[in-house]
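Below is one structure, written out as structure tokens; comments come after it.
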Amino acid sequence: MNFRKFLIAQSILIAASSVAFPFYLLLIKNVGDSYSQFGWAYGLFTLTAALAYPLIGRLGDKFGDKKMLLIYTLGMAAVMLLIPLLYEVWQVYLVQIVMGLLGAIQKNTEKAFLARHNNSETAGKQIGKYHLHVSLWSGIVIILTGYLIDFLTIASLFYLISFVYIIASFVIMKRETV
Amino acid sequence: MKKKIILISILYGIGLAFSLWLYHHKPIMMEDYGQLLPTKIKEVQGAKSEAALQNWVKDSIENGEKISVAGMQHSQGGQTYYPNGIVIDMKNYDKILDYNPEEKTITVQSGATWEEIQKKINPDHLALQVMQSQNIFTIGGSISVNAHGRDIRYGSLIDTVESFRLLTPKGDIINVSRVENSTLFPLVIGGYGLFGIILDVTLHLTDDELYQIRSRSIDYEDYPYYFIHEVQQNEEIRMHIARLSVAPETLLREMYVTDYELAANQKNLANNAELKRDTLAAPQKFMLGLSRYSDWGKNLLWDLQNKLYVGQSGNYISRNNAMRGDSKFMEYENPNKTEILQEYFVPIDEFTSYLDDLREVLEKEELNLLNITVRYVNKDEEAVLSYAKEEMFALVLLINQGKSKKEIEKTEKVLQKMIDVTLKHDGSYYLPYYSYPTQAQMDEAYPRNKEFFEQKKKFDPNEVFMNLFYKEYSQ
């Protein structure tokens, strides 16, 4: 996977998750009926990720970053199809665990890829450039969603984001032109 | 590569279709402020126009659907929903349709809250005659429970209603007042949404007035005499509320009273008329939090409350402001527990002996009782389900309890004993709360309940308008 393709794929999927995040928070707040349940839902996500990182890192080395990102995008596309269906707390907890795993895959792969593809002298500059692109797209998309949400229900937003993850997976799979 | 993309697309398509299908069939859970009756319903429809409401009712008749009508859903016995039924949410049906300051009347759509009316009429120095102590409720909801409040001169809410329009279980829209379709008037008011949808209501208003607050501590044995001779017979006192101690050291003995007396100089009203905003309420919330967890907290809260409220004595307050009490500090979020209300009515001359008997129950049983306020209700038997069979004191009890089946049963056992004591003293209880009372207790407290349910069946033979309260007590 070359850097350009990685950048495009990351821009799409990070934008998608940034858009989903605030609405997802709203949803899990509504499903649970207390802040302690909210705390649990969020804590499960982070704890699962924490425990999974060492294994995910090793798997990434073995199978390559491309496969890992593909698992992430397809997994997230599937999870986004589940989110509109949640109505009980245990379901939220379950989804949080899955998302914790997937999130860990994305974060670890992102960093591993950046480490593999930058030489150490210009790594700061390169990663700075990478973050500029990725954040810029997220920012633009989040602002646009603010307008879009008036025309969409929250459920349909999750379906839309699921579709965007599928697009991202196609970008990752696309044959590389050197 | 192409093959992979096609495979993923097909799998995704199937997943998407399945998800959409499930989403369409996802049950909607509904619960009211009591949080003890989560129930699967079919859908919630937000009321927007009269025509849409009428269509929904007609469609429901055709399709055999059940309808419940909801405002703020502070009733705690499932009065606003029914299994697999449609809930009509009236909150956005809230326009002020007509306002006549000279004649002191206002006509509002039933989803409007007291707060919205207060904002409209306050600049003209007008006020409501009767409402609850908080202004967060909708007019339609308040009428459906025939609410009462701190006012001691105007009776129950029913007395202040001139007329209303009703969308009937047949889908017709009719006027209801004491002269037009008059049999329905005392059925719909205090009718818990079982006779149709109240569309809009015309209410009588009164003048906003400036009151001086008079607060003092009193022993429960002196209270009835005090009330009759110093409150009721003093025409200048317009509103009144009292509090009973729930602190173990002074349980149901110590009280403090707050009277709202017409201020000598009404010219100062203008300076005090601006509507109060919600306060932060953090200290009250903290104190209430302490008292939830310990007897120590309850004793401390009682002492502090006593000082706080008695300390307000001498202050001035407008009628409108006296009718918009804080409710924020009572908001309570806990996954396993909830806070419920009970309201018991007892004749004035039974008050002291009633409290002695009630104390006996409370000292024996385990109940996390947080607060008791005492109000006065005039005798008022206009509503078929009237709670004021004579001049009575109304005790509103705030109780903290668990949500589990076991906890509900535990509370039920204690509350049924308390209701028995209430009935023994010729008392009654209020119906908007959880179905703790037995059918026998309901029959005794509301001797006309058979008539009420018969009329309901006559007026709504297909039982289009349904709720859990009706399901529980109409059999």
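Ligands are numbered from 1 in the order shown, residues from 1 within each chain, and chains are lettered A, B, ... in the order they appear in the structure tokens.
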
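Running DSSP on the backbone gives strand (DSSP E or B) for these residues within stretch 221-319 of chain B: Ile237, Arg238, Met239, His240, Ile241, Ala242, Arg243, Leu244, Glu254, Met255, Tyr256, Val257, Thr258, Asp259, Tyr260, Glu261, Leu262, Tyr316, Ile317 and Ser318 of chain B.
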
Note to self: Need to verify the contact set: B:Leu468, 7 Å, only C-alpha atoms, exclusion of same-chain residues closer than 2 positions in sequence. Can you return it as a list in words?
What the structure shows: Gly77, Gly78, Gln79, Tyr81, Tyr82, Tyr470, Lys471 and Glu472 of chain B

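Distance criterion 9 Å to chain B, applied with only C-alpha atoms, yields Gly32, Asp33, Ser34, Tyr35, Ser36, Gln37, Leu74, Ala77, Ala78, Leu81, Leu82, Pro84, Leu85, Leu86, Tyr87, Ala155, Tyr159, Phe163, Ile166, Phe170, Met173, Lys174 and Arg175 of chain A on chain A.
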
Would you save the residues from that selection as a PDB file, in the first residue's frame, using N, CA and C atoms?
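For reference, out-v2.pdb as written:
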ATOM      1  N   GLY A  32     -28.844   4.005  27.653  1.00  0.00           N
ATOM      2  CA  GLY A  32     -28.627   3.822  29.089  1.00  0.00           C
ATOM      3  C   GLY A  32     -29.486   4.813  29.848  1.00  0.00           C
ATOM      4  N   ASP A  33     -29.757   4.536  31.135  1.00  0.00           N
ATOM      5  CA  ASP A  33     -30.531   5.549  31.838  1.00  0.00           C
ATOM      6  C   ASP A  33     -29.755   6.159  33.003  1.00  0.00           C
ATOM      7  N   SER A  34     -28.436   6.075  32.935  1.00  0.00           N
ATOM      8  CA  SER A  34     -27.682   6.769  33.959  1.00  0.00           C
ATOM      9  C   SER A  34     -26.275   7.043  33.462  1.00  0.00           C
ATOM     10  N   TYR A  35     -25.607   7.917  34.159  1.00  0.00           N
ATOM     11  CA  TYR A  35     -24.248   8.239  33.773  1.00  0.00           C
ATOM     12  C   TYR A  35     -23.306   7.090  34.077  1.00  0.00           C
ATOM     13  N   SER A  36     -23.652   6.255  35.064  1.00  0.00           N
ATOM     14  CA  SER A  36     -22.759   5.148  35.357  1.00  0.00           C
ATOM     15  C   SER A  36     -22.770   4.149  34.206  1.00  0.00           C
ATOM     16  N   GLN A  37     -23.947   3.950  33.582  1.00  0.00           N
ATOM     17  CA  GLN A  37     -23.996   3.056  32.423  1.00  0.00           C
ATOM     18  C   GLN A  37     -23.234   3.652  31.256  1.00  0.00           C
ATOM     19  N   LEU A  74     -14.375  -2.859   6.875  1.00  0.00           N
ATOM     20  CA  LEU A  74     -15.518  -3.764   6.700  1.00  0.00           C
ATOM     21  C   LEU A  74     -16.218  -3.991   8.043  1.00  0.00           C
ATOM     22  N   ALA A  77     -18.236  -0.937   8.812  1.00  0.00           N
ATOM     23  CA  ALA A  77     -19.426  -0.877   7.952  1.00  0.00           C
ATOM     24  C   ALA A  77     -20.513  -1.769   8.540  1.00  0.00           C
ATOM     25  N   ALA A  78     -20.117  -2.945   9.014  1.00  0.00           N
ATOM     26  CA  ALA A  78     -21.093  -3.863   9.605  1.00  0.00           C
ATOM     27  C   ALA A  78     -21.645  -3.306  10.921  1.00  0.00           C
ATOM     28  N   LEU A  81     -24.284  -0.752  10.666  1.00  0.00           N
ATOM     29  CA  LEU A  81     -25.612  -1.293  10.344  1.00  0.00           C
ATOM     30  C   LEU A  81     -26.340  -1.753  11.607  1.00  0.00           C
ATOM     31  N   LEU A  82     -25.574  -2.044  12.646  1.00  0.00           N
ATOM     32  CA  LEU A  82     -26.190  -2.509  13.897  1.00  0.00           C
ATOM     33  C   LEU A  82     -26.642  -1.352  14.790  1.00  0.00           C
ATOM     34  N   PRO A  84     -28.237   1.536  14.538  1.00  0.00           N
ATOM     35  CA  PRO A  84     -29.633   2.012  14.618  1.00  0.00           C
ATOM     36  C   PRO A  84     -30.568   1.018  15.300  1.00  0.00           C
ATOM     37  N   LEU A  85     -30.106  -0.226  15.462  1.00  0.00           N
ATOM     38  CA  LEU A  85     -31.001  -1.243  16.019  1.00  0.00           C
ATOM     39  C   LEU A  85     -30.901  -1.375  17.533  1.00  0.00           C
ATOM     40  N   LEU A  86     -29.924  -0.723  18.126  1.00  0.00           N
ATOM     41  CA  LEU A  86     -29.693  -0.909  19.558  1.00  0.00           C
ATOM     42  C   LEU A  86     -30.816  -0.299  20.384  1.00  0.00           C
ATOM     43  N   TYR A  87     -31.299  -1.041  21.354  1.00  0.00           N
ATOM     44  CA  TYR A  87     -32.224  -0.407  22.289  1.00  0.00           C
ATOM     45  C   TYR A  87     -32.058  -0.916  23.721  1.00  0.00           C
ATOM     46  N   ALA A 155     -30.745   7.685  12.469  1.00  0.00           N
ATOM     47  CA  ALA A 155     -30.547   6.311  11.995  1.00  0.00           C
ATOM     48  C   ALA A 155     -29.990   6.323  10.577  1.00  0.00           C
ATOM     49  N   TYR A 159     -26.515   4.674   8.577  1.00  0.00           N
ATOM     50  CA  TYR A 159     -26.503   3.883   7.344  1.00  0.00           C
ATOM     51  C   TYR A 159     -25.575   4.524   6.313  1.00  0.00           C
ATOM     52  N   PHE A 163     -22.035   3.049   4.603  1.00  0.00           N
ATOM     53  CA  PHE A 163     -21.734   3.022   3.173  1.00  0.00           C
ATOM     54  C   PHE A 163     -20.377   3.670   2.893  1.00  0.00           C
ATOM     55  N   ILE A 166     -17.656   1.307   3.425  1.00  0.00           N
ATOM     56  CA  ILE A 166     -17.517   0.363   2.312  1.00  0.00           C
ATOM     57  C   ILE A 166     -16.685   1.007   1.189  1.00  0.00           C
ATOM     58  N   PHE A 170     -13.142  -0.214  -0.532  1.00  0.00           N
ATOM     59  CA  PHE A 170     -12.853  -0.353  -1.960  1.00  0.00           C
ATOM     60  C   PHE A 170     -11.570   0.402  -2.318  1.00  0.00           C
ATOM     61  N   MET A 173      -8.714  -1.690  -1.315  1.00  0.00           N
ATOM     62  CA  MET A 173      -8.529  -2.893  -2.139  1.00  0.00           C
ATOM     63  C   MET A 173      -8.013  -2.576  -3.533  1.00  0.00           C
ATOM     64  N   LYS A 174      -8.269  -1.366  -3.994  1.00  0.00           N
ATOM     65  CA  LYS A 174      -7.942  -0.988  -5.379  1.00  0.00           C
ATOM     66  C   LYS A 174      -6.490  -1.311  -5.709  1.00  0.00           C
ATOM     67  N   ARG A 175      -6.299  -1.849  -6.935  1.00  0.00           N
ATOM     68  CA  ARG A 175      -4.940  -2.188  -7.359  1.00  0.00           C
ATOM     69  C   ARG A 175      -4.110  -0.916  -7.414  1.00  0.00           C
TER      70      ARG A 175
END

Note to self: Residues near stretch 63-73 of chain A, anyone? I mean within 6 Å using only C-alpha atoms, not counting same-chain ones fewer than 6 positions away, as a list in words.
What the structure shows: Leu102, Thr109, Tyr165 and Ser169 of chain A

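Taking only C-alpha atoms, the non-local environment of B:Arg178 within 12 Å (same-chain residues fewer than 5 positions away omitted) comprises Ile158, Asp159, Thr160, Val161, Glu162, Ser163, Phe164, Thr183, Leu184, Phe185, Pro186, Leu187, Val188, Ile189, Glu382 and Ala383 of chain B.
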
Take the residues just selected and output them with all heavy atoms as a tab-separated table (two decimals), in the first residue's frame.
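Listing of result-v5.tsv after writing:
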chain	number	residue	atom	x	y	z
B	158	ILE	N	-60.66	21.94	37.88
B	158	ILE	CA	-61.95	21.85	37.17
B	158	ILE	C	-62.76	23.15	37.33
B	158	ILE	O	-63.44	23.58	36.42
B	158	ILE	CB	-62.76	20.61	37.64
B	158	ILE	CG1	-63.99	20.39	36.75
B	158	ILE	CG2	-63.15	20.70	39.10
B	158	ILE	CD1	-64.69	19.05	36.96
B	159	ASP	N	-62.61	23.77	38.49
B	159	ASP	CA	-63.38	24.99	38.76
B	159	ASP	C	-62.95	26.16	37.90
B	159	ASP	O	-63.67	27.14	37.77
B	159	ASP	CB	-63.24	25.37	40.24
B	159	ASP	CG	-63.80	24.30	41.14
B	159	ASP	OD1	-65.01	24.06	41.05
B	159	ASP	OD2	-63.02	23.69	41.88
B	160	THR	N	-61.76	26.10	37.34
B	160	THR	CA	-61.26	27.24	36.57
B	160	THR	C	-61.41	27.03	35.07
B	160	THR	O	-61.05	27.87	34.28
B	160	THR	CB	-59.78	27.51	36.89
B	160	THR	OG1	-58.96	26.56	36.18
B	160	THR	CG2	-59.50	27.40	38.37
B	161	VAL	N	-61.94	25.85	34.69
B	161	VAL	CA	-62.12	25.56	33.26
B	161	VAL	C	-63.49	26.05	32.81
B	161	VAL	O	-64.51	25.68	33.40
B	161	VAL	CB	-61.99	24.04	32.98
B	161	VAL	CG1	-62.23	23.75	31.51
B	161	VAL	CG2	-60.64	23.52	33.43
B	162	GLU	N	-63.50	26.88	31.75
B	162	GLU	CA	-64.76	27.36	31.19
B	162	GLU	C	-65.29	26.31	30.22
B	162	GLU	O	-66.44	25.89	30.31
B	162	GLU	CB	-64.50	28.69	30.47
B	162	GLU	CG	-65.64	29.23	29.63
B	162	GLU	CD	-66.87	29.57	30.45
B	162	GLU	OE1	-66.69	29.95	31.63
B	162	GLU	OE2	-67.99	29.46	29.93
B	163	SER	N	-64.44	25.88	29.29
B	163	SER	CA	-64.85	24.90	28.28
B	163	SER	C	-63.62	24.33	27.61
B	163	SER	O	-62.52	24.84	27.78
B	163	SER	CB	-65.73	25.57	27.23
B	163	SER	OG	-64.98	26.55	26.54
B	164	PHE	N	-63.83	23.28	26.85
B	164	PHE	CA	-62.74	22.76	26.02
B	164	PHE	C	-63.33	22.07	24.81
B	164	PHE	O	-64.53	21.81	24.75
B	164	PHE	CB	-61.84	21.81	26.81
B	164	PHE	CG	-62.55	20.66	27.47
B	164	PHE	CD1	-62.80	19.48	26.80
B	164	PHE	CD2	-62.99	20.78	28.80
B	164	PHE	CE1	-63.46	18.44	27.42
B	164	PHE	CE2	-63.66	19.74	29.42
B	164	PHE	CZ	-63.89	18.56	28.73
B	183	THR	N	-72.47	16.25	30.19
B	183	THR	CA	-72.15	15.01	30.91
B	183	THR	C	-70.66	14.67	30.81
B	183	THR	O	-70.10	14.01	31.68
B	183	THR	CB	-72.94	13.79	30.38
B	183	THR	OG1	-72.83	13.78	28.97
B	183	THR	CG2	-74.40	13.82	30.80
B	184	LEU	N	-70.05	15.12	29.70
B	184	LEU	CA	-68.64	14.79	29.50
B	184	LEU	C	-67.70	15.63	30.36
B	184	LEU	O	-66.58	15.23	30.66
B	184	LEU	CB	-68.26	14.96	28.03
B	184	LEU	CG	-68.69	13.82	27.11
B	184	LEU	CD1	-68.51	14.23	25.65
B	184	LEU	CD2	-67.89	12.56	27.40
B	185	PHE	N	-68.17	16.83	30.72
B	185	PHE	CA	-67.30	17.77	31.43
B	185	PHE	C	-66.64	17.15	32.67
B	185	PHE	O	-65.41	17.14	32.79
B	185	PHE	CB	-68.11	19.03	31.77
B	185	PHE	CG	-67.28	20.19	32.21
B	185	PHE	CD1	-66.61	20.99	31.29
B	185	PHE	CD2	-67.17	20.51	33.56
B	185	PHE	CE1	-65.84	22.08	31.70
B	185	PHE	CE2	-66.41	21.60	33.99
B	185	PHE	CZ	-65.75	22.38	33.05
B	186	PRO	N	-67.43	16.57	33.56
B	186	PRO	CA	-66.80	15.99	34.77
B	186	PRO	C	-66.17	14.62	34.54
B	186	PRO	O	-65.60	14.04	35.46
B	186	PRO	CB	-67.99	15.86	35.74
B	186	PRO	CG	-69.18	15.77	34.89
B	186	PRO	CD	-68.90	16.50	33.62
B	187	LEU	N	-66.31	14.09	33.32
B	187	LEU	CA	-65.67	12.80	33.01
B	187	LEU	C	-64.29	13.02	32.40
B	187	LEU	O	-63.34	12.31	32.72
B	187	LEU	CB	-66.54	11.99	32.04
B	187	LEU	CG	-67.80	11.37	32.61
B	187	LEU	CD1	-68.74	10.92	31.50
B	187	LEU	CD2	-67.47	10.19	33.53
B	188	VAL	N	-64.21	14.01	31.53
B	188	VAL	CA	-62.93	14.26	30.85
B	188	VAL	C	-61.94	14.91	31.81
B	188	VAL	O	-60.75	14.58	31.82
B	188	VAL	CB	-63.14	15.16	29.62
B	188	VAL	CG1	-61.81	15.47	28.95
B	188	VAL	CG2	-64.08	14.49	28.63
B	189	ILE	N	-62.46	15.83	32.64
B	189	ILE	CA	-61.58	16.46	33.63
B	189	ILE	C	-61.36	15.46	34.76
B	189	ILE	O	-62.30	15.01	35.41
B	189	ILE	CB	-62.18	17.78	34.14
B	189	ILE	CG1	-62.37	18.73	32.95
B	189	ILE	CG2	-61.27	18.41	35.20
B	189	ILE	CD1	-62.89	20.09	33.28
B	382	GLU	N	-67.34	17.89	41.75
B	382	GLU	CA	-67.82	18.04	40.37
B	382	GLU	C	-67.30	16.91	39.47
B	382	GLU	O	-68.06	16.29	38.74
B	382	GLU	CB	-67.39	19.41	39.81
B	382	GLU	CG	-68.11	19.73	38.51
B	382	GLU	CD	-67.78	21.11	37.97
B	382	GLU	OE1	-66.97	21.83	38.60
B	382	GLU	OE2	-68.31	21.45	36.91
B	383	ALA	N	-65.99	16.64	39.56
B	383	ALA	CA	-65.42	15.57	38.74
B	383	ALA	C	-65.94	14.22	39.22
B	383	ALA	O	-66.11	14.01	40.41
B	383	ALA	CB	-63.91	15.60	38.81

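Atom CA of B:Ala270 is positioned 24.2 Å from atom CA of B:Ile136.
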
Residues at most 8 Å from B:Asn272, counting only C-alpha atoms, excluding those fewer than 6 positions away in the same chain, as a PDB file with C-alpha atoms, in the first residue's frame?
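Saved file result_36.pdb follows:
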ATOM      1  CA  LEU B 210     -48.239  40.681  45.615  1.00  0.00           C
ATOM      2  CA  TYR B 316     -42.527  39.482  49.087  1.00  0.00           C
ATOM      3  CA  ILE B 317     -43.456  37.393  46.078  1.00  0.00           C
ATOM      4  CA  SER B 318     -45.888  37.769  43.208  1.00  0.00           C
TER       5      SER B 318
END

Note to self: Applying 12 Å and only C-alpha atoms, which residues near A:Gly146 remain after dropping the ones on its own chain fewer than 3 positions away? List them as a ChimeraX atom specification.
What the structure shows: /A:19-20,22-23,139-143,149-152,154,157

Same residues, C-alpha atoms, saved as a PDB file, in the first residue's frame:
ATOM      1  CA  VAL A  19     -19.066  12.320  12.023  1.00  0.00           C
ATOM      2  CA  ALA A  20     -20.526   9.256  13.700  1.00  0.00           C
ATOM      3  CA  PRO A  22     -21.141  12.767  18.501  1.00  0.00           C
ATOM      4  CA  PHE A  23     -24.347  11.117  17.327  1.00  0.00           C
ATOM      5  CA  GLY A 139     -13.230  19.166   9.785  1.00  0.00           C
ATOM      6  CA  ILE A 140     -14.934  19.898   6.484  1.00  0.00           C
ATOM      7  CA  VAL A 141     -17.133  16.821   6.662  1.00  0.00           C
ATOM      8  CA  ILE A 142     -18.168  17.489  10.264  1.00  0.00           C
ATOM      9  CA  ILE A 143     -19.255  21.015   9.376  1.00  0.00           C
ATOM     10  CA  ILE A 149     -28.463  16.301   9.727  1.00  0.00           C
ATOM     11  CA  ASP A 150     -31.499  18.568   9.345  1.00  0.00           C
ATOM     12  CA  PHE A 151     -32.481  16.470   6.367  1.00  0.00           C
ATOM     13  CA  LEU A 152     -31.590  13.072   7.768  1.00  0.00           C
ATOM     14  CA  ILE A 154     -29.965   9.911  13.066  1.00  0.00           C
ATOM     15  CA  LEU A 157     -26.857   8.966   9.168  1.00  0.00           C
TER      16      LEU A 157
END

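Each of A:Met80, A:Ile167, A:Leu59, A:Leu7 was checked against A:Ser135 using only C-alpha atoms; the smallest atom-to-atom distance is that of A:Leu7.
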
Margin query: Can you tell me which residues surround B:Tyr211 at a distance of at most 12 Å, considering only C-alpha atoms, apart from same-chain residues fewer than 6 positions away, and format the answer as JSON, numbers by chain?
Written below: {"B": [236, 237, 238, 239, 240, 258, 259, 260, 261, 262, 263, 264, 265, 266, 267, 268, 269, 272, 273, 313, 314, 315, 316, 317, 318, 319, 320, 321, 322, 323]}

Checklist line | One-decimal distance in Å that lies between atom CA of B:Ile241 and atom CA of B:Gly311 | finding: 15.4 Å

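Atom pair atom CA of A:Phe21 / atom CA of A:Gly128: separated by 23.6 Å.
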
Item checked: Sel. of helix (DSSP H, G or I) residues, stretch 48-102 of chain B, as number ranges by chain -> B: 50-63

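For the choices A:Leu51, A:Met76, A:Ile56, A:Ile83, the atom-to-atom distance to A:Phe158 is smallest for A:Ile83 when using only C-alpha atoms.
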